[in-house]
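Listing of input14.pdb; format and content: PDB, C-alpha atoms.
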ATOM      1  CA  MET M 816       0.000   0.000   0.000
ATOM      2  CA  PRO M 817       1.510   3.375  -1.000
ATOM      3  CA  THR M 818       2.406   5.945   1.630
ATOM      4  CA  PRO M 819       0.198   9.058   1.409
ATOM      5  CA  HIS M 820       1.793  12.336   0.385
ATOM      6  CA  PRO M 821       2.813  14.329   3.504
ATOM      7  CA  HIS M 822       0.247  17.060   2.729
ATOM      8  CA  GLU M 823      -2.540  14.483   2.424
ATOM      9  CA  LEU M 824      -1.429  12.847   5.658
ATOM     10  CA  GLY M 825      -1.377  16.237   7.396
ATOM     11  CA  ARG M 826      -4.825  17.214   6.129
ATOM     12  CA  ALA M 827      -6.270  13.881   7.214
ATOM     13  CA  GLY M 828      -4.698  14.317  10.658
ATOM     14  CA  GLU M 829      -6.111  17.835  11.012
ATOM     15  CA  GLU M 830      -9.562  16.553  10.077
ATOM     16  CA  MET M 831      -9.322  13.778  12.678
ATOM     17  CA  ALA M 832      -8.176  16.232  15.351
ATOM     18  CA  ALA M 833     -10.986  18.662  14.464
ATOM     19  CA  SER M 834     -13.514  15.830  14.777
ATOM     20  CA  TRP M 835     -12.047  14.886  18.168
ATOM     21  CA  TYR M 836     -12.683  18.397  19.450
ATOM     22  CA  VAL M 837     -16.155  18.741  17.916
ATOM     23  CA  GLU M 838     -17.204  15.428  19.487
ATOM     24  CA  ARG M 839     -16.250  16.934  22.860
ATOM     25  CA  GLY M 840     -18.282  20.106  22.446
ATOM     26  CA  TYR M 841     -15.719  22.515  21.011
ATOM     27  CA  GLU M 842     -16.620  24.981  18.269
ATOM     28  CA  ILE M 843     -14.094  25.476  15.476
ATOM     29  CA  LEU M 844     -13.360  29.181  15.016
ATOM     30  CA  ALA M 845     -10.617  28.759  12.410
ATOM     31  CA  ARG M 846      -8.581  26.162  10.546
ATOM     32  CA  ASN M 847      -5.123  26.910   9.209
ATOM     33  CA  TRP M 848      -5.369  30.538  10.343
ATOM     34  CA  ARG M 849      -2.385  32.424   8.928
ATOM     35  CA  CYS M 850      -0.717  35.688   9.844
ATOM     36  CA  PRO M 851       2.816  37.134   9.660
ATOM     37  CA  ALA M 852       3.740  35.284  12.885
ATOM     38  CA  GLY M 853       2.800  31.873  11.510
ATOM     39  CA  GLU M 854      -0.136  29.503  11.311
ATOM     40  CA  ALA M 855      -2.532  27.961  13.819
ATOM     41  CA  ASP M 856      -3.838  24.600  12.645
ATOM     42  CA  LEU M 857      -6.996  24.810  14.753
ATOM     43  CA  VAL M 858      -8.487  27.614  16.831
ATOM     44  CA  LEU M 859     -11.394  26.415  18.932
ATOM     45  CA  ARG M 860     -13.750  27.572  21.629
ATOM     46  CA  ARG M 861     -15.669  25.837  24.365
ATOM     47  CA  GLY M 862     -17.491  28.196  26.650
ATOM     48  CA  ARG M 863     -15.036  30.928  27.630
ATOM     49  CA  LEU M 864     -11.983  28.807  26.824
ATOM     50  CA  LEU M 865     -10.006  29.500  23.641
ATOM     51  CA  VAL M 866      -7.791  26.655  22.404
ATOM     52  CA  VAL M 867      -5.005  27.019  19.871
ATOM     53  CA  CYS M 868      -4.022  23.567  18.665
ATOM     54  CA  GLU M 869      -0.968  22.443  16.740
ATOM     55  CA  VAL M 870      -1.707  19.190  14.915
ATOM     56  CA  LYS M 871       1.179  16.849  14.143
ATOM     57  CA  THR M 872       0.542  13.744  12.090
ATOM     58  CA  ARG M 873       3.019  10.952  11.513
ATOM     59  CA  SER M 874       2.789   7.540   9.920
ATOM     60  CA  GLY M 875       5.415   6.162  12.298
ATOM     61  CA  THR M 876       7.853   7.103  15.041
ATOM     62  CA  GLY M 877      11.071   6.836  13.017
ATOM     63  CA  TYR M 878      11.637  10.552  13.545
ATOM     64  CA  GLY M 879      10.185  10.645  17.058
ATOM     65  CA  THR M 880       6.658  11.149  18.277
ATOM     66  CA  PRO M 881       4.531  13.840  16.655
ATOM     67  CA  ALA M 882       4.561  15.993  19.815
ATOM     68  CA  GLU M 883       8.367  15.978  19.877
ATOM     69  CA  ALA M 884       8.253  18.032  16.667
ATOM     70  CA  VAL M 885       6.741  20.981  18.577
ATOM     71  CA  GLY M 886       9.785  22.601  20.129
ATOM     72  CA  ARG M 887      10.289  25.910  21.928
ATOM     73  CA  GLN M 888      10.577  27.930  18.725
ATOM     74  CA  ARG M 889       7.270  26.570  17.413
ATOM     75  CA  GLN M 890       5.652  27.225  20.796
ATOM     76  CA  ARG M 891       6.790  30.871  20.720
ATOM     77  CA  ARG M 892       5.473  31.233  17.173
ATOM     78  CA  LEU M 893       2.084  29.809  18.202
ATOM     79  CA  ARG M 894       1.859  32.224  21.125
ATOM     80  CA  ARG M 895       2.486  35.164  18.764
ATOM     81  CA  THR M 896      -0.029  33.743  16.290
ATOM     82  CA  ALA M 897      -2.643  33.472  19.052
ATOM     83  CA  ALA M 898      -2.058  37.108  20.032
ATOM     84  CA  MET M 899      -2.499  38.165  16.412
ATOM     85  CA  PHE M 900      -5.659  36.052  16.130
ATOM     86  CA  LEU M 901      -7.121  37.829  19.149
ATOM     87  CA  GLU M 902      -6.284  41.184  17.592
ATOM     88  CA  ALA M 903      -7.475  40.384  14.066
ATOM     89  CA  GLU M 904     -10.611  38.485  15.049
ATOM     90  CA  ARG M 905     -11.821  40.809  17.803
ATOM     91  CA  GLU M 906     -15.520  40.007  17.448
ATOM     92  CA  ARG M 907     -15.072  36.227  17.404
ATOM     93  CA  ALA M 908     -12.423  36.423  20.111
ATOM     94  CA  GLU M 909     -14.476  38.692  22.374
ATOM     95  CA  GLY M 910     -14.210  37.631  25.984
ATOM     96  CA  PHE M 911     -10.938  35.701  25.711
ATOM     97  CA  ARG M 912      -8.452  38.444  26.505
ATOM     98  CA  GLY M 913      -7.025  37.842  29.943
ATOM     99  CA  ARG M 914      -9.088  34.677  30.289
ATOM    100  CA  GLY M 915      -8.585  31.033  29.478
ATOM    101  CA  ILE M 916      -6.332  30.466  26.496
ATOM    102  CA  ARG M 917      -4.855  27.011  26.192
ATOM    103  CA  PHE M 918      -2.273  25.618  23.784
ATOM    104  CA  ASP M 919      -2.763  21.979  22.832
ATOM    105  CA  VAL M 920      -0.833  19.558  20.661
ATOM    106  CA  ALA M 921      -2.853  16.927  18.838
ATOM    107  CA  GLU M 922      -0.787  13.901  17.875
ATOM    108  CA  VAL M 923      -2.171  11.728  15.111
ATOM    109  CA  LEU M 924      -0.239   8.490  14.833
ATOM    110  CA  GLY M 925      -1.509   5.459  12.992
ATOM    111  CA  GLY M 926      -5.018   6.911  12.809
ATOM    112  CA  VAL M 927      -5.224   7.484  16.568
ATOM    113  CA  VAL M 928      -5.679  11.008  17.944
ATOM    114  CA  THR M 929      -4.059  11.882  21.263
ATOM    115  CA  VAL M 930      -4.570  15.437  22.478
ATOM    116  CA  ILE M 931      -2.079  16.876  24.928
ATOM    117  CA  GLU M 932      -3.988  19.649  26.639
ATOM    118  CA  ASP M 933      -2.100  22.667  27.948
ATOM    119  CA  ALA M 934       1.048  21.324  26.260
ATOM    120  CA  PHE M 935       3.070  24.542  26.601
ATOM    121  CA  ARG M 936       2.923  24.926  30.354
ATOM    122  CA  ASP M 937       6.145  26.526  31.540
TER     123      ASP M 937
END

What is this structure when it is put down as structure tokens?
Amino acid sequence: MPTPHPHELGRAGEEMAASWYVERGYEILARNWRCPAGEADLVLRRGRLLVVCEVKTRSGTGYGTPAEAVGRQRQRRLRRTAAMFLEAERERAEGFRGRGIRFDVAEVLGGVVTVIEDAFRD
């Protein structure tokens, strides 16, 4: 069986992660939201909690686990992206400033989604 193209694998992983969140009552505010600071794969809301999620999909662990690919530099970029999302999407982001913003990493490995909530805790 041929290995899917990395972009196809990534899109499939993002779709699986989005479904995981929706099944748990989250509303998707944005997918692949881009700005000069970078990109947020998923921006979600549940109640007054805003979640910025980095989705990493792998077909195997030859290069480490998916979450291991989200290092400090990527974390800093996601924090800046979240700040720009809050600024650019004021109406949709109303109520989140100074409140609950969480950064998650969704690992998709072998068709299984594992979400690491609050993955960037210092």

Original post:
Got a sec to resolve the PyMOL selection byres ((chain M and resi 923) around 10) on this structure and send the residues as a list in words?
Top reply: Leu824, Gly825, Ala827, Gly828, Glu829, Met831, Ala832, Val870, Lys871, Thr872, Arg873, Ser874, Gly875, Thr880, Pro881, Ala882, Val920, Ala921, Glu922, Leu924, Gly925, Gly926, Val927, Val928, Thr929 and Val930 of chain M

Original post:
What separation in Å, quoted to one decimal, exists between atom CA of M:Trp835 and atom CA of M:Gly886?
Top reply: 23.2 Å

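Under the PyMOL selection byres ((chain M and resi 849) around 12), the matching residues in the shown file are Ala845, Arg846, Asn847, Trp848, Cys850, Pro851, Ala852, Gly853, Glu854, Ala855, Asp856, Leu857, Val858, Arg892, Leu893, Arg895, Thr896, Ala897, Met899, Phe900, Ala903 and Glu904 of chain M.
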
**OP:** Figure out the distance between atom CA of M:Thr876 and atom CA of M:Glu830, please, to one decimal in Å.
**Re:**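 Interatomic distance here is 20.4 Å.
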
**OP:** In Å, rounded to a single decimal, give me how far atom CA of M:Ile916 is from atom CA of M:Ser834.
**Re:**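 If I compute the distance from atom CA of M:Ser834 to atom CA of M:Ile916, I get 20.1 Å.
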
Original post:
Do you know which residues the PyMOL selection byres ((chain M and resi 859) around 8) returns on this file, as a ChimeraX atom specification?
Top reply: /M:841-845,857-858,860-861,865-868

**OP:** Could you give me, as a ChimeraX atom specification, the residues that have an atom at most 6 Å away from the point (2.3, 26.1, 24.9) in the coordinates of the file, using only C-alpha atoms?
**Re:** /M:890,918,934-936

Edge lengths and centre in Å, axis-aligned, stretch 887-900 of chain M plus 4 Å each side, as AutoDock Vina command-line options:
--center_x 2.5 --center_y 32.0 --center_z 19.0 --size_x 24.2 --size_y 20.3 --size_z 13.8

Emit stretch 868-916 of chain M of the structure in the block as a file comprising N, CA and C atoms, as an mmCIF file, in the first residue's frame.
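The new file out19.cif reads:
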data_model
loop_
_atom_site.group_PDB
_atom_site.id
_atom_site.type_symbol
_atom_site.label_atom_id
_atom_site.label_comp_id
_atom_site.auth_asym_id
_atom_site.auth_seq_id
_atom_site.Cartn_x
_atom_site.Cartn_y
_atom_site.Cartn_z
ATOM 1 N N CYS M 868 -4.535 24.932 18.743
ATOM 2 C CA CYS M 868 -4.022 23.567 18.665
ATOM 3 C C CYS M 868 -3.079 23.393 17.486
ATOM 4 N N GLU M 869 -1.925 22.852 17.760
ATOM 5 C CA GLU M 869 -0.968 22.443 16.740
ATOM 6 C C GLU M 869 -1.191 20.951 16.505
ATOM 7 N N VAL M 870 -1.451 20.587 15.261
ATOM 8 C CA VAL M 870 -1.707 19.190 14.915
ATOM 9 C C VAL M 870 -0.459 18.632 14.239
ATOM 10 N N LYS M 871 0.030 17.521 14.742
ATOM 11 C CA LYS M 871 1.179 16.849 14.143
ATOM 12 C C LYS M 871 0.772 15.423 13.824
ATOM 13 N N THR M 872 0.929 15.065 12.559
ATOM 14 C CA THR M 872 0.542 13.744 12.090
ATOM 15 C C THR M 872 1.777 13.019 11.578
ATOM 16 N N ARG M 873 1.913 11.787 11.965
ATOM 17 C CA ARG M 873 3.019 10.952 11.513
ATOM 18 C C ARG M 873 2.480 9.567 11.173
ATOM 19 N N SER M 874 3.160 8.908 10.255
ATOM 20 C CA SER M 874 2.789 7.540 9.920
ATOM 21 C C SER M 874 3.569 6.542 10.771
ATOM 22 N N GLY M 875 4.607 7.017 11.425
ATOM 23 C CA GLY M 875 5.415 6.162 12.298
ATOM 24 C C GLY M 875 6.250 7.025 13.221
ATOM 25 N N THR M 876 7.049 6.371 14.064
ATOM 26 C CA THR M 876 7.853 7.103 15.041
ATOM 27 C C THR M 876 9.346 7.105 14.692
ATOM 28 N N GLY M 877 9.668 6.851 13.437
ATOM 29 C CA GLY M 877 11.071 6.836 13.017
ATOM 30 C C GLY M 877 11.792 8.141 13.278
ATOM 31 N N TYR M 878 11.056 9.240 13.269
ATOM 32 C CA TYR M 878 11.637 10.552 13.545
ATOM 33 C C TYR M 878 11.154 11.094 14.886
ATOM 34 N N GLY M 879 10.698 10.235 15.758
ATOM 35 C CA GLY M 879 10.185 10.645 17.058
ATOM 36 C C GLY M 879 8.668 10.738 17.039
ATOM 37 N N THR M 880 8.113 11.024 18.194
ATOM 38 C CA THR M 880 6.658 11.149 18.277
ATOM 39 C C THR M 880 6.237 12.468 17.647
ATOM 40 N N PRO M 881 4.987 12.573 17.236
ATOM 41 C CA PRO M 881 4.531 13.840 16.655
ATOM 42 C C PRO M 881 4.739 15.032 17.591
ATOM 43 N N ALA M 882 4.444 14.876 18.868
ATOM 44 C CA ALA M 882 4.561 15.993 19.815
ATOM 45 C C ALA M 882 6.006 16.470 19.962
ATOM 46 N N GLU M 883 6.960 15.589 19.762
ATOM 47 C CA GLU M 883 8.367 15.978 19.877
ATOM 48 C C GLU M 883 8.767 16.986 18.801
ATOM 49 N N ALA M 884 7.970 17.084 17.750
ATOM 50 C CA ALA M 884 8.253 18.032 16.667
ATOM 51 C C ALA M 884 7.842 19.461 17.016
ATOM 52 N N VAL M 885 7.201 19.648 18.164
ATOM 53 C CA VAL M 885 6.741 20.981 18.577
ATOM 54 C C VAL M 885 7.691 21.493 19.656
ATOM 55 N N GLY M 886 8.772 22.104 19.208
ATOM 56 C CA GLY M 886 9.785 22.601 20.129
ATOM 57 C C GLY M 886 9.492 24.013 20.606
ATOM 58 N N ARG M 887 10.446 24.568 21.340
ATOM 59 C CA ARG M 887 10.289 25.910 21.928
ATOM 60 C C ARG M 887 10.041 26.990 20.879
ATOM 61 N N GLN M 888 10.746 26.912 19.762
ATOM 62 C CA GLN M 888 10.577 27.930 18.725
ATOM 63 C C GLN M 888 9.150 27.882 18.171
ATOM 64 N N ARG M 889 8.641 26.700 17.918
ATOM 65 C CA ARG M 889 7.270 26.570 17.413
ATOM 66 C C ARG M 889 6.271 27.048 18.464
ATOM 67 N N GLN M 890 6.534 26.770 19.718
ATOM 68 C CA GLN M 890 5.652 27.225 20.796
ATOM 69 C C GLN M 890 5.594 28.747 20.834
ATOM 70 N N ARG M 891 6.758 29.399 20.730
ATOM 71 C CA ARG M 891 6.790 30.871 20.720
ATOM 72 C C ARG M 891 6.008 31.424 19.522
ATOM 73 N N ARG M 892 6.180 30.792 18.376
ATOM 74 C CA ARG M 892 5.473 31.233 17.173
ATOM 75 C C ARG M 892 3.961 31.090 17.357
ATOM 76 N N LEU M 893 3.521 30.003 17.968
ATOM 77 C CA LEU M 893 2.084 29.809 18.202
ATOM 78 C C LEU M 893 1.529 30.832 19.184
ATOM 79 N N ARG M 894 2.305 31.188 20.181
ATOM 80 C CA ARG M 894 1.859 32.224 21.125
ATOM 81 C C ARG M 894 1.667 33.565 20.402
ATOM 82 N N ARG M 895 2.613 33.912 19.530
ATOM 83 C CA ARG M 895 2.486 35.164 18.764
ATOM 84 C C ARG M 895 1.293 35.082 17.810
ATOM 85 N N THR M 896 1.109 33.933 17.198
ATOM 86 C CA THR M 896 -0.029 33.743 16.290
ATOM 87 C C THR M 896 -1.338 33.901 17.042
ATOM 88 N N ALA M 897 -1.423 33.346 18.243
ATOM 89 C CA ALA M 897 -2.643 33.472 19.052
ATOM 90 C C ALA M 897 -2.916 34.936 19.385
ATOM 91 N N ALA M 898 -1.876 35.687 19.723
ATOM 92 C CA ALA M 898 -2.058 37.108 20.032
ATOM 93 C C ALA M 898 -2.568 37.853 18.798
ATOM 94 N N MET M 899 -2.049 37.510 17.637
ATOM 95 C CA MET M 899 -2.499 38.165 16.412
ATOM 96 C C MET M 899 -3.920 37.735 16.055
ATOM 97 N N PHE M 900 -4.278 36.498 16.356
ATOM 98 C CA PHE M 900 -5.659 36.052 16.130
ATOM 99 C C PHE M 900 -6.612 36.876 16.987
ATOM 100 N N LEU M 901 -6.266 37.046 18.251
ATOM 101 C CA LEU M 901 -7.121 37.829 19.149
ATOM 102 C C LEU M 901 -7.283 39.260 18.654
ATOM 103 N N GLU M 902 -6.216 39.809 18.104
ATOM 104 C CA GLU M 902 -6.284 41.184 17.592
ATOM 105 C C GLU M 902 -7.094 41.251 16.295
ATOM 106 N N ALA M 903 -6.834 40.346 15.383
ATOM 107 C CA ALA M 903 -7.475 40.384 14.066
ATOM 108 C C ALA M 903 -8.940 39.941 14.099
ATOM 109 N N GLU M 904 -9.260 39.065 14.995
ATOM 110 C CA GLU M 904 -10.611 38.485 15.049
ATOM 111 C C GLU M 904 -11.331 38.956 16.311
ATOM 112 N N ARG M 905 -11.292 40.246 16.554
ATOM 113 C CA ARG M 905 -11.821 40.809 17.803
ATOM 114 C C ARG M 905 -13.230 40.336 18.133
ATOM 115 N N GLU M 906 -14.134 40.377 17.165
ATOM 116 C CA GLU M 906 -15.520 40.007 17.448
ATOM 117 C C GLU M 906 -15.637 38.545 17.851
ATOM 118 N N ARG M 907 -14.999 37.656 17.076
ATOM 119 C CA ARG M 907 -15.072 36.227 17.404
ATOM 120 C C ARG M 907 -14.286 35.896 18.663
ATOM 121 N N ALA M 908 -13.274 36.690 18.958
ATOM 122 C CA ALA M 908 -12.423 36.423 20.111
ATOM 123 C C ALA M 908 -12.868 37.190 21.354
ATOM 124 N N GLU M 909 -13.975 37.899 21.245
ATOM 125 C CA GLU M 909 -14.476 38.692 22.374
ATOM 126 C C GLU M 909 -14.593 37.829 23.626
ATOM 127 N N GLY M 910 -14.097 38.339 24.715
ATOM 128 C CA GLY M 910 -14.210 37.631 25.984
ATOM 129 C C GLY M 910 -13.032 36.749 26.335
ATOM 130 N N PHE M 911 -12.068 36.585 25.414
ATOM 131 C CA PHE M 911 -10.938 35.701 25.711
ATOM 132 C C PHE M 911 -9.729 36.425 26.260
ATOM 133 N N ARG M 912 -9.618 37.712 26.009
ATOM 134 C CA ARG M 912 -8.452 38.444 26.505
ATOM 135 C C ARG M 912 -8.384 38.350 28.031
ATOM 136 N N GLY M 913 -7.228 37.944 28.505
ATOM 137 C CA GLY M 913 -7.025 37.842 29.943
ATOM 138 C C GLY M 913 -7.778 36.685 30.573
ATOM 139 N N ARG M 914 -8.325 35.827 29.773
ATOM 140 C CA ARG M 914 -9.088 34.677 30.289
ATOM 141 C C ARG M 914 -8.385 33.394 29.878
ATOM 142 N N GLY M 915 -9.156 32.339 29.766
ATOM 143 C CA GLY M 915 -8.585 31.033 29.478
ATOM 144 C C GLY M 915 -8.180 30.844 28.030
ATOM 145 N N ILE M 916 -6.870 30.831 27.795
ATOM 146 C CA ILE M 916 -6.332 30.466 26.496
ATOM 147 C C ILE M 916 -5.394 29.295 26.737
#
